[in-house]
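Structure data follow from structure.cif (mmCIF, C-alpha atoms):
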```cif
data_structure
loop_
_atom_site.label_atom_id
_atom_site.label_comp_id
_atom_site.auth_asym_id
_atom_site.auth_seq_id
_atom_site.Cartn_x
_atom_site.Cartn_y
_atom_site.Cartn_z
CA MET X 272 118.45 166.04 101.96
CA ARG X 273 114.69 165.92 102.17
CA GLY X 274 114.84 166.04 106.00
CA LEU X 275 117.02 169.11 105.89
CA LEU X 276 114.52 170.85 103.60
CA TRP X 277 111.66 170.02 105.97
CA LEU X 278 113.69 171.38 108.92
CA LEU X 279 114.41 174.64 107.10
CA THR X 280 110.74 174.94 106.17
CA LEU X 281 109.67 174.50 109.80
CA PHE X 282 112.19 177.11 110.96
CA ALA X 283 110.94 179.55 108.33
CA LEU X 284 107.33 178.91 109.35
CA ALA X 285 108.18 179.48 113.05
CA VAL X 286 109.92 182.74 112.24
CA GLY X 287 106.95 183.84 110.16
CA ILE X 288 104.48 183.06 112.94
CA ALA X 289 106.64 184.85 115.53
CA LEU X 290 106.87 187.99 113.37
CA ALA X 291 103.13 187.93 112.68
CA ALA X 292 102.36 187.59 116.40
CA HIS X 293 104.80 190.41 117.25
CA PHE X 294 102.98 192.88 115.03
CA ASN X 295 99.50 191.64 115.96
CA ASP X 296 97.92 194.10 118.47
CA GLY X 297 94.46 192.57 118.42
CA TYR X 298 92.67 191.29 121.52
CA LEU X 299 89.70 189.12 122.36
CA LEU X 300 86.94 190.32 124.69
CA LEU X 301 84.90 187.69 126.49
CA VAL X 302 81.72 188.93 128.23
CA LEU X 303 79.61 186.84 130.60
CA PRO X 304 77.68 189.34 132.79
CA PRO X 305 78.66 190.41 135.31
CA TYR X 306 82.10 189.18 134.22
CA ARG X 307 84.29 190.25 131.34
CA ALA X 308 87.76 189.15 130.27
CA GLU X 309 90.14 190.63 127.78
CA ILE X 310 93.03 188.55 126.39
CA SER X 311 95.36 189.05 123.49
CA LEU X 312 94.47 187.46 120.20
CA ASN X 313 97.74 185.56 120.10
CA PHE X 314 97.08 183.94 123.48
CA ALA X 315 93.52 183.11 122.45
CA MET X 316 94.78 181.32 119.39
CA VAL X 317 97.24 179.32 121.50
CA LEU X 318 94.44 178.38 123.93
CA ILE X 319 92.14 177.27 121.12
CA LEU X 320 94.87 175.14 119.52
CA GLY X 321 95.85 173.63 122.88
CA GLY X 322 92.21 172.89 123.72
CA PHE X 323 91.74 171.12 120.40
CA VAL X 324 94.81 168.99 120.97
CA LEU X 325 93.70 168.15 124.52
CA LEU X 326 90.17 167.25 123.38
CA TYR X 327 91.54 165.03 120.59
CA ALA X 328 93.84 163.27 123.06
CA VAL X 329 90.99 162.64 125.49
CA LEU X 330 88.67 161.31 122.78
CA ARG X 331 91.43 159.13 121.34
CA ALA X 332 92.24 157.68 124.75
CA ALA X 333 88.56 156.94 125.37
CA ALA X 334 88.24 155.21 121.97
CA LEU X 335 91.32 153.09 122.60
CA THR X 336 90.02 152.17 126.06
CA LEU X 337 86.63 151.11 124.69
CA SER X 338 88.22 149.09 121.84
CA LEU X 339 90.65 147.30 124.15
CA PRO X 340 88.55 144.06 124.49
CA ARG X 341 88.19 143.81 120.71
CA ARG X 342 91.90 144.42 120.19
CA VAL X 343 92.71 141.74 122.76
CA ARG X 344 90.43 139.28 120.95
CA GLU X 345 92.05 140.10 117.61
CA PHE X 346 95.50 139.66 119.12
CA ARG X 347 94.59 136.29 120.55
CA GLU X 348 93.01 135.19 117.25
CA ARG X 349 96.10 136.27 115.36
CA ARG X 350 98.33 134.38 117.78
CA ARG X 351 96.09 131.32 117.43
CA ARG X 352 96.29 131.47 113.62
CA GLU X 353 100.05 131.87 113.75
CA LYS X 354 100.33 128.93 116.12
CA ALA X 355 98.04 126.83 113.91
CA ALA X 356 100.06 127.72 110.82
CA ALA X 357 103.27 126.72 112.59
CA SER X 358 101.66 123.49 113.76
CA PHE X 359 100.44 122.54 110.27
CA TYR X 360 103.84 123.46 108.87
CA ASP X 361 105.43 120.98 111.28
CA ILE X 362 102.86 118.31 110.40
CA ALA X 363 103.51 118.70 106.67
CA ARG X 364 107.26 118.67 107.24
CA LEU X 365 107.06 115.49 109.33
CA MET X 366 104.90 113.77 106.71
CA PHE X 367 107.34 114.60 103.92
CA GLU X 368 110.16 113.33 106.11
CA GLY X 369 108.30 110.06 106.53
CA ARG X 370 107.93 110.47 110.30
CA TYR X 371 104.27 109.55 110.29
CA SER X 372 103.99 108.66 113.98
CA GLN X 373 105.08 112.14 115.01
CA ALA X 374 102.89 113.70 112.31
CA LEU X 375 99.90 111.77 113.66
CA LYS X 376 100.67 112.97 117.19
CA ARG X 377 100.97 116.62 116.11
CA ALA X 378 97.78 116.39 114.06
CA SER X 379 95.94 114.93 117.06
CA GLU X 380 97.17 117.81 119.20
CA ALA X 381 96.05 120.35 116.59
CA HIS X 382 92.62 118.71 116.44
CA SER X 383 92.29 118.75 120.22
CA ALA X 384 93.24 122.44 120.27
CA ALA X 385 90.50 123.16 117.70
CA GLN X 386 93.08 124.44 115.20
CA ARG X 387 91.27 123.83 111.92
CA PRO X 388 89.97 120.51 113.28
CA ALA X 389 88.73 119.15 109.94
CA LEU X 390 92.08 119.68 108.24
CA ALA X 391 93.93 118.32 111.27
CA ALA X 392 91.74 115.19 111.21
CA LEU X 393 92.41 114.72 107.49
CA LEU X 394 96.18 114.97 108.02
CA ALA X 395 95.91 112.53 110.90
CA ALA X 396 94.03 110.12 108.63
CA ARG X 397 96.76 110.37 106.00
CA SER X 398 99.43 109.67 108.62
CA ALA X 399 97.47 106.68 109.91
CA GLN X 400 97.20 105.38 106.36
CA ARG X 401 100.96 105.54 105.93
CA LEU X 402 101.33 103.68 109.22
CA HIS X 403 98.95 100.97 107.92
CA GLU X 404 96.46 101.49 110.72
CA PRO X 405 93.08 101.36 108.92
CA ASP X 406 90.97 101.58 112.07
CA LYS X 407 92.60 104.84 113.15
CA GLN X 408 92.41 106.15 109.61
CA GLN X 409 88.67 105.50 109.38
CA THR X 410 88.11 107.20 112.75
CA TRP X 411 89.96 110.32 111.66
CA LEU X 412 88.19 110.31 108.29
CA ASP X 413 84.82 110.33 110.06
CA ARG X 414 85.93 113.24 112.22
CA ALA X 415 87.17 115.19 109.19
CA ALA X 416 83.93 114.66 107.27
CA GLN X 417 81.84 115.69 110.28
CA GLY X 418 83.98 118.75 110.94
CA ASP X 419 83.64 120.34 107.50
CA PRO X 420 81.35 119.24 104.62
CA LYS X 421 83.89 120.63 102.14
CA MET X 422 86.30 117.91 103.27
CA GLN X 423 83.96 115.16 102.03
CA PRO X 424 85.61 114.63 98.60
CA ALA X 425 89.10 114.61 100.14
CA CYS X 426 87.98 112.10 102.77
CA LEU X 427 86.46 109.86 100.10
CA MET X 428 89.67 109.97 98.03
CA LEU X 429 91.70 108.97 101.08
CA GLU X 430 89.19 106.24 101.90
CA ALA X 431 89.48 104.89 98.35
CA GLU X 432 93.27 104.76 98.66
CA MET X 433 92.89 102.88 101.94
CA HIS X 434 90.61 100.29 100.32
CA LEU X 435 93.02 99.89 97.41
CA GLU X 436 95.91 99.21 99.76
CA MET X 437 93.80 96.62 101.58
CA GLN X 438 92.70 95.18 98.19
CA HIS X 439 89.04 95.89 98.94
CA PHE X 440 88.46 96.89 95.33
CA ASP X 441 84.65 96.96 95.41
CA ASP X 442 84.69 99.34 98.38
CA ALA X 443 87.21 101.54 96.58
CA VAL X 444 84.93 101.73 93.52
CA ALA X 445 81.98 102.65 95.73
CA ALA X 446 83.96 105.44 97.43
CA LEU X 447 85.09 106.82 94.07
CA LYS X 448 81.51 106.83 92.79
CA ARG X 449 80.63 109.05 95.76
CA VAL X 450 83.57 111.30 94.89
CA GLN X 451 82.13 111.64 91.40
CA GLN X 452 78.74 112.60 92.83
CA ALA X 453 80.29 115.12 95.24
CA SER X 454 82.84 116.88 93.03
CA GLY X 455 82.67 115.42 89.52
CA ARG X 456 85.34 113.50 87.66
CA HIS X 457 88.96 114.52 87.88
CA ILE X 458 92.25 112.95 86.88
CA ALA X 459 93.36 111.71 90.30
CA ALA X 460 90.00 110.01 90.94
CA LEU X 461 90.08 108.38 87.50
CA ARG X 462 93.56 106.99 88.15
CA LEU X 463 92.41 105.45 91.41
CA GLU X 464 89.29 104.09 89.75
CA LEU X 465 91.42 102.51 87.03
CA ARG X 466 93.34 100.54 89.68
CA ALA X 467 90.13 99.62 91.49
CA GLN X 468 88.41 98.38 88.32
CA GLN X 469 91.48 96.32 87.45
CA GLY X 470 91.30 94.71 90.87
CA CYS X 471 87.57 94.02 90.43
CA GLY X 472 88.13 92.52 87.00
CA HIS X 473 85.75 94.95 85.29
CA TRP X 474 87.75 95.04 82.08
CA ASP X 475 85.25 97.00 80.00
CA GLU X 476 85.43 99.77 82.60
CA VAL X 477 89.22 99.52 82.57
CA LEU X 478 89.20 100.09 78.82
CA ARG X 479 86.85 103.06 79.12
CA ILE X 480 88.88 104.77 81.85
CA ALA X 481 92.23 104.05 80.15
CA ARG X 482 90.98 105.59 76.91
CA LEU X 483 89.66 108.62 78.79
CA LEU X 484 92.94 109.15 80.66
CA GLU X 485 94.93 108.71 77.46
CA LYS X 486 92.72 111.29 75.74
CA ARG X 487 93.42 113.73 78.57
CA HIS X 488 97.17 112.99 78.35
CA ALA X 489 97.10 111.65 81.92
CA LEU X 490 98.69 108.32 80.95
CA LEU X 491 101.84 107.67 79.00
CA PRO X 492 100.95 106.13 75.61
CA GLU X 493 103.08 103.07 76.35
CA LEU X 494 101.43 102.50 79.72
CA ALA X 495 97.96 103.04 78.28
CA GLN X 496 98.72 100.51 75.55
CA GLU X 497 99.80 97.90 78.12
CA ILE X 498 96.70 98.48 80.25
CA LYS X 499 94.38 98.19 77.25
CA LEU X 500 96.22 95.09 76.05
CA LYS X 501 95.74 93.42 79.44
CA ALA X 502 92.04 94.36 79.43
CA HIS X 503 91.55 92.95 75.93
CA GLN X 504 93.38 89.76 76.88
CA GLU X 505 91.13 89.27 79.90
CA ASN X 506 88.00 89.97 77.84
CA ILE X 507 89.16 87.41 75.26
CA ARG X 508 89.77 84.88 78.05
CA LEU X 509 86.22 85.41 79.33
CA ARG X 510 84.85 84.70 75.82
CA ARG X 511 87.06 81.75 74.92
CA GLY X 512 84.18 79.28 75.10
CA ASP X 513 81.85 81.14 72.74
CA LEU X 514 82.90 81.69 69.12
CA VAL X 515 80.05 84.12 68.38
CA GLU X 516 80.91 86.35 71.34
CA LEU X 517 84.60 86.16 70.48
CA GLN X 518 83.97 87.24 66.91
CA ALA X 519 81.66 90.06 68.02
CA TYR X 520 84.28 91.33 70.45
CA GLN X 521 86.97 91.21 67.77
CA ARG X 522 84.78 93.26 65.41
CA SER X 523 84.11 95.87 68.11
CA MET X 524 87.80 96.31 68.92
CA PRO X 525 89.25 99.61 67.59
CA LEU X 526 91.86 99.01 64.90
CA ARG X 527 94.32 101.42 66.58
CA GLU X 528 94.43 99.10 69.60
CA ALA X 529 95.38 96.03 67.54
CA SER X 530 98.84 94.62 68.13
CA PRO X 531 100.74 91.37 67.48
CA ARG X 532 100.46 90.34 71.13
CA LEU X 533 96.69 90.82 71.05
CA ALA X 534 96.42 88.98 67.73
CA TYR X 535 98.38 86.11 69.31
CA CYS X 536 95.89 85.79 72.17
CA TYR X 537 92.90 86.08 69.89
CA ALA X 538 94.32 83.50 67.47
CA GLU X 539 94.94 81.06 70.33
CA ALA X 540 91.34 81.48 71.46
CA LEU X 541 90.13 80.78 67.92
CA LEU X 542 92.33 77.71 67.69
CA GLU X 543 90.85 76.34 70.93
CA LEU X 544 87.41 76.64 69.30
CA ALA X 545 88.67 74.83 66.16
CA ALA X 546 88.32 77.98 64.05
CA ASP X 547 91.70 77.41 62.41
CA ASP X 548 90.89 79.21 59.16
CA GLN X 549 89.85 82.37 60.99
CA ALA X 550 92.96 82.20 63.16
CA LEU X 551 95.19 81.89 60.11
CA SER X 552 93.47 84.81 58.38
CA LEU X 553 93.88 86.93 61.48
CA ILE X 554 97.59 86.08 61.78
CA GLU X 555 98.24 86.80 58.11
CA ALA X 556 96.48 90.17 58.28
CA GLN X 557 98.37 91.16 61.43
CA LEU X 558 101.77 90.10 60.04
CA ASP X 559 101.11 92.08 56.88
CA ARG X 560 100.56 95.16 59.07
CA GLU X 561 103.32 94.55 61.62
CA TRP X 562 105.93 91.81 61.77
CA ASP X 563 106.23 89.69 64.91
CA SER X 564 108.34 86.55 65.32
CA PRO X 565 106.25 84.80 68.04
CA LEU X 566 103.15 85.30 65.91
CA VAL X 567 104.76 83.72 62.85
CA ALA X 568 105.89 80.85 65.10
CA LEU X 569 102.23 80.26 66.03
CA TYR X 570 101.37 80.42 62.33
CA GLY X 571 103.84 77.59 61.71
CA ARG X 572 102.38 75.44 64.51
CA THR X 573 98.79 75.89 63.31
CA ALA X 574 97.16 73.26 61.16
CA GLY X 575 94.32 73.89 58.72
CA GLY X 576 93.88 76.15 55.77
CA ASP X 577 95.24 75.56 52.28
CA PRO X 578 98.81 74.26 52.77
CA THR X 579 99.94 75.54 49.37
CA ALA X 580 98.53 79.03 50.02
CA ARG X 581 100.12 79.09 53.45
CA LEU X 582 103.52 78.18 52.02
CA ALA X 583 103.18 80.83 49.34
CA CYS X 584 102.30 83.44 51.96
CA ALA X 585 105.26 82.46 54.15
CA ASP X 586 107.61 82.49 51.16
CA ARG X 587 106.45 86.03 50.41
CA TRP X 588 107.31 87.08 53.98
CA LEU X 589 110.72 85.45 53.62
CA LEU X 590 111.68 87.98 50.96
CA GLU X 591 111.69 90.72 53.63
CA HIS X 592 112.63 88.66 56.72
CA ARG X 593 115.37 86.28 55.63
CA ASP X 594 117.11 86.34 59.01
CA ASP X 595 114.05 85.45 61.10
CA SER X 596 114.65 81.98 62.52
CA GLN X 597 111.01 81.61 63.58
CA LEU X 598 109.83 82.20 60.01
CA LEU X 599 112.31 79.64 58.71
CA LEU X 600 111.18 77.19 61.39
CA ALA X 601 107.54 77.77 60.42
CA LEU X 602 108.38 77.13 56.75
CA GLY X 603 110.23 73.96 57.75
CA ARG X 604 107.25 72.69 59.71
CA MET X 605 104.82 73.39 56.88
CA CYS X 606 107.08 71.62 54.38
CA LEU X 607 107.49 68.73 56.80
CA ALA X 608 103.69 68.44 57.11
CA GLN X 609 103.47 68.16 53.31
CA ARG X 610 106.37 65.71 53.13
CA LEU X 611 108.56 68.13 51.22
CA TRP X 612 111.63 66.66 52.87
CA GLY X 613 114.29 68.54 50.95
CA LYS X 614 112.72 71.99 51.37
CA ALA X 615 111.95 71.23 55.01
CA GLN X 616 115.61 70.32 55.68
CA THR X 617 116.80 73.46 53.88
CA TYR X 618 114.59 75.76 55.92
CA LEU X 619 115.31 74.05 59.24
CA GLU X 620 119.07 74.04 58.74
CA ALA X 621 118.91 77.71 57.70
CA ALA X 622 117.04 78.45 60.92
CA LEU X 623 119.63 76.46 62.89
CA SER X 624 122.42 78.57 61.43
CA ILE X 625 120.74 81.70 62.82
CA ALA X 626 119.59 80.50 66.25
CA ASP X 627 119.91 77.11 67.90
CA SER X 628 116.99 75.94 70.05
CA ARG X 629 115.57 72.74 71.50
CA GLU X 630 112.42 73.18 69.44
CA LEU X 631 114.40 73.40 66.21
CA ARG X 632 116.52 70.36 67.11
CA LEU X 633 113.39 68.28 67.70
CA GLU X 634 111.96 69.26 64.30
CA LEU X 635 115.20 68.23 62.60
CA ALA X 636 115.20 64.96 64.52
CA ARG X 637 111.65 64.21 63.39
CA LEU X 638 112.59 65.04 59.79
CA PHE X 639 115.56 62.64 59.81
CA GLU X 640 113.52 60.00 61.59
CA GLN X 641 110.77 60.14 58.96
CA THR X 642 113.35 59.92 56.17
CA ASP X 643 115.01 56.84 57.69
CA ARG X 644 118.15 58.62 58.87
CA ALA X 645 118.08 57.36 62.44
CA GLU X 646 121.69 58.19 63.29
CA GLN X 647 121.31 61.84 62.33
CA ALA X 648 117.98 61.95 64.17
CA MET X 649 119.61 60.61 67.35
CA VAL X 650 122.27 63.32 67.20
CA HIS X 651 119.59 66.02 67.27
CA TYR X 652 117.58 64.18 69.93
CA ARG X 653 120.66 64.06 72.20
CA VAL X 654 121.38 67.77 71.67
CA ALA X 655 117.72 68.61 72.36
CA ALA X 656 117.79 66.56 75.56
CA ASP X 657 120.79 68.51 76.83
CA ARG X 658 119.16 71.88 76.14
CA PRO X 659 116.59 73.59 78.38
CA ASN X 660 113.02 73.86 77.20
CA ASP X 661 113.41 77.14 75.32
CA GLN X 662 110.36 76.77 73.18
CA THR X 663 108.69 80.03 72.35
CA GLN X 664 106.24 80.62 75.14
CA SER X 665 102.64 81.33 74.38
CA ARG X 666 101.66 84.93 74.82
CA GLY X 667 98.25 83.76 75.77
CA SER X 668 99.59 81.97 78.85
CA SER X 669 99.12 85.11 80.89
CA ILE X 670 95.36 84.99 80.38
CA SER X 671 94.73 81.26 80.52
#
```
Kindly present the structure from the file in structure tokens form.
Amino acid sequence: MRGLLWLLTLFALAVGIALAAHFNDGYLLLVLPPYRAEISLNFAMVLILGGFVLLYAVLRAAALTLSLPRRVREFRERRRREKAAASFYDIARLMFEGRYSQALKRASEAHSAAQRPALAALLAARSAQRLHEPDKQQTWLDRAAQGDPKMQPACLMLEAEMHLEMQHFDDAVAALKRVQQASGRHIAALRLELRAQQGCGHWDEVLRIARLLEKRHALLPELAQEIKLKAHQENIRLRRGDLVELQAYQRSMPLREASPRLAYCYAEALLELAADDQALSLIEAQLDREWDSPLVALYGRTAGGDPTARLACADRWLLEHRDDSQLLLALGRMCLAQRLWGKAQTYLEAALSIADSRELRLELARLFEQTDRAEQAMVHYRVAADRPNDQTQSRGSSIS
């Protein structure tokens, strides 16, 4: 519809111009002595319009001719960028497909063709890393860093990953320190540093980084808890020979990071240093906060302290945990140590009714043996001999 309106408008304009020219009797006199020329005004207007169009066409053609080299250069540059984009697209696709050999080949070709050489070298380094070729990876990393200073942090991150895979943890830490100097701390670098510090055994640094990542919600709370637990266990192991250092470390530990598993390790370390009373106090405080069967089993195996107070404390726990076989076993052991034969038998048989174990059978056998009931003791000894060693394993074994 719009085209039809334009066509009608042009026809009307042409008719108007034709009518105006028909009634125009004017003329144009051109004088250049000794010559003179007289032409109609209509023809003069046509000549002027035609001359303008011709002049514009000539000037436009000249401009296009003069700009032809620049346009050719722009065309070639555009083609080069399009080719580079297609090449990097193929490299990325091959890397995601896991075809790292082909990705490395295409990246090498892109680098040779000077198509974003720094980026091509970085992609080649990543492909070489996936192919477990550290020499090639280092060569491409050097080329990437030399090609563009902005690639330095990315190269250092990739170098740190390479050192982690090769278990060169000190080199990985050094590379990540340079990343920090070049671009500051960020989540990905902190995660890599956490792995590197774990490999180096720098457990104080592991705790610091784990807390920082947890604060930034970059670690799941459960994973952060496990990492911090492992770090605390290793720090306790390093201080097992010095009671003063062990106590100082325990006082500096945040309460929110306390757990039964950590209390177990710390109590074992105290017991090795003959600090039985402190170990018992620690276990009692932890069990009052959070119940844990392996910890109460350790409480039952620990000597020292006031036997009567310990029995009273365990009896208080029994009111809330009647079905815990480890608590009943601990009560049986404590009664057995005080020669309370009847109570010991009651607790041990109650534990046996809940869960049978070699450890429990041996305690019953010792009870019957000490009370001159050899036949009953032999029955439990034979059952214990036929059972695997299912004694509650020490949680501190992982750090010993």
At a cut-off of 12 Å, using all atoms listed in the file, what residues contact Asp563 in chain X? Leave out same-chain residues fewer than 2 positions from it and give the result as a PyMOL selection string. chain X and resi 530-535+554-561+565-570+588+592+595-598+666
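Taking all atoms listed in the file, the non-local environment of range 484-499 of chain X within 10 Å (same-chain residues fewer than 3 positions away omitted) comprises His457, Ile458, Ala459, Leu461, Arg462, Leu465, Gln469, Trp474, Asp475, Val477, Leu478, Arg479, Ile480, Ala481, Ala502, His503, Gln504, Glu505, Glu528, Ala529, Ser530 and Leu533 of chain X.
Note that the spacing between CA of Gln417 in chain X and CA of Arg351 in chain X amounts to 22.3 Å.
Separating CA of Ala381 in chain X from CA of Leu447 in chain X is a distance of 28.5 Å.
Using all atoms listed in the file, the contacts of range 393-398 of chain X at a cut-off of 6 Å, with sequence neighbours closer than 2 positions omitted, comprise Tyr371, Leu375, Ala378, Leu390, Ala391, Gln400, Arg401, Gln408, Trp411, Leu412 and Ala415 of chain X.
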Could you spell out the hits of the PyMOL selection byres ((chain X and resi 537) around 9) on the shown file, as a list in words? Gln504, Ile507, Arg508, Arg511, Leu517, Gln521, Arg532, Leu533, Ala534, Tyr535, Cys536, Ala538, Glu539, Ala540, Leu541, Leu542, Ala550, Leu553 and Gly667 of chain X
Find the residues near Ala636 in chain X: any atom within 12 Å, counting all atoms listed in the file, skip ones fewer than 5 places away on the same chain, and give them as a ChimeraX atom specification. /X:607,615-616,619-620,629-631,641-656
Next, write the just-selected residues to a file, as an mmCIF file, in the coordinates of the input, keeping C-alpha atoms as the atom set.
```cif
data_model
loop_
_atom_site.group_PDB
_atom_site.id
_atom_site.type_symbol
_atom_site.label_atom_id
_atom_site.label_comp_id
_atom_site.auth_asym_id
_atom_site.auth_seq_id
_atom_site.Cartn_x
_atom_site.Cartn_y
_atom_site.Cartn_z
ATOM 1 C CA LEU X 607 107.490 68.730 56.800
ATOM 2 C CA ALA X 615 111.950 71.230 55.010
ATOM 3 C CA GLN X 616 115.610 70.320 55.680
ATOM 4 C CA LEU X 619 115.310 74.050 59.240
ATOM 5 C CA GLU X 620 119.070 74.040 58.740
ATOM 6 C CA ARG X 629 115.570 72.740 71.500
ATOM 7 C CA GLU X 630 112.420 73.180 69.440
ATOM 8 C CA LEU X 631 114.400 73.400 66.210
ATOM 9 C CA GLN X 641 110.770 60.140 58.960
ATOM 10 C CA THR X 642 113.350 59.920 56.170
ATOM 11 C CA ASP X 643 115.010 56.840 57.690
ATOM 12 C CA ARG X 644 118.150 58.620 58.870
ATOM 13 C CA ALA X 645 118.080 57.360 62.440
ATOM 14 C CA GLU X 646 121.690 58.190 63.290
ATOM 15 C CA GLN X 647 121.310 61.840 62.330
ATOM 16 C CA ALA X 648 117.980 61.950 64.170
ATOM 17 C CA MET X 649 119.610 60.610 67.350
ATOM 18 C CA VAL X 650 122.270 63.320 67.200
ATOM 19 C CA HIS X 651 119.590 66.020 67.270
ATOM 20 C CA TYR X 652 117.580 64.180 69.930
ATOM 21 C CA ARG X 653 120.660 64.060 72.200
ATOM 22 C CA VAL X 654 121.380 67.770 71.670
ATOM 23 C CA ALA X 655 117.720 68.610 72.360
ATOM 24 C CA ALA X 656 117.790 66.560 75.560
#
```
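Atom pair CA of Arg522 in chain X / CA of Thr579 in chain X: separated by 28.3 Å.
Of the residues listed (X:Gly472, X:Pro340, X:Pro424, X:Gly603), X:Pro424 shows the shortest atom-to-atom separation from Arg456 in chain X; distances use all atoms listed in the file.
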Return as AutoDock Vina command-line options the centre and edge lengths, in Å with one decimal, of the box along x, y and z that encloses every atom of range 296-306 of chain X in the file, padded by 4 Å per side.
```
--center_x 87.8 --center_y 190.5 --center_z 126.9 --size_x 28.2 --size_y 15.3 --size_z 24.9
```
I need the output of the PyMOL selection byres ((chain X and resi 298) around 6) for this file as an mmCIF file with C-alpha atoms, in the frame of the given file; which residues are they?
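Output file part30.cif follows:
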```
data_model
loop_
_atom_site.group_PDB
_atom_site.id
_atom_site.type_symbol
_atom_site.label_atom_id
_atom_site.label_comp_id
_atom_site.auth_asym_id
_atom_site.auth_seq_id
_atom_site.Cartn_x
_atom_site.Cartn_y
_atom_site.Cartn_z
ATOM 1 C CA GLY X 297 94.460 192.570 118.420
ATOM 2 C CA LEU X 299 89.700 189.120 122.360
ATOM 3 C CA ILE X 310 93.030 188.550 126.390
ATOM 4 C CA SER X 311 95.360 189.050 123.490
ATOM 5 C CA LEU X 312 94.470 187.460 120.200
#
```
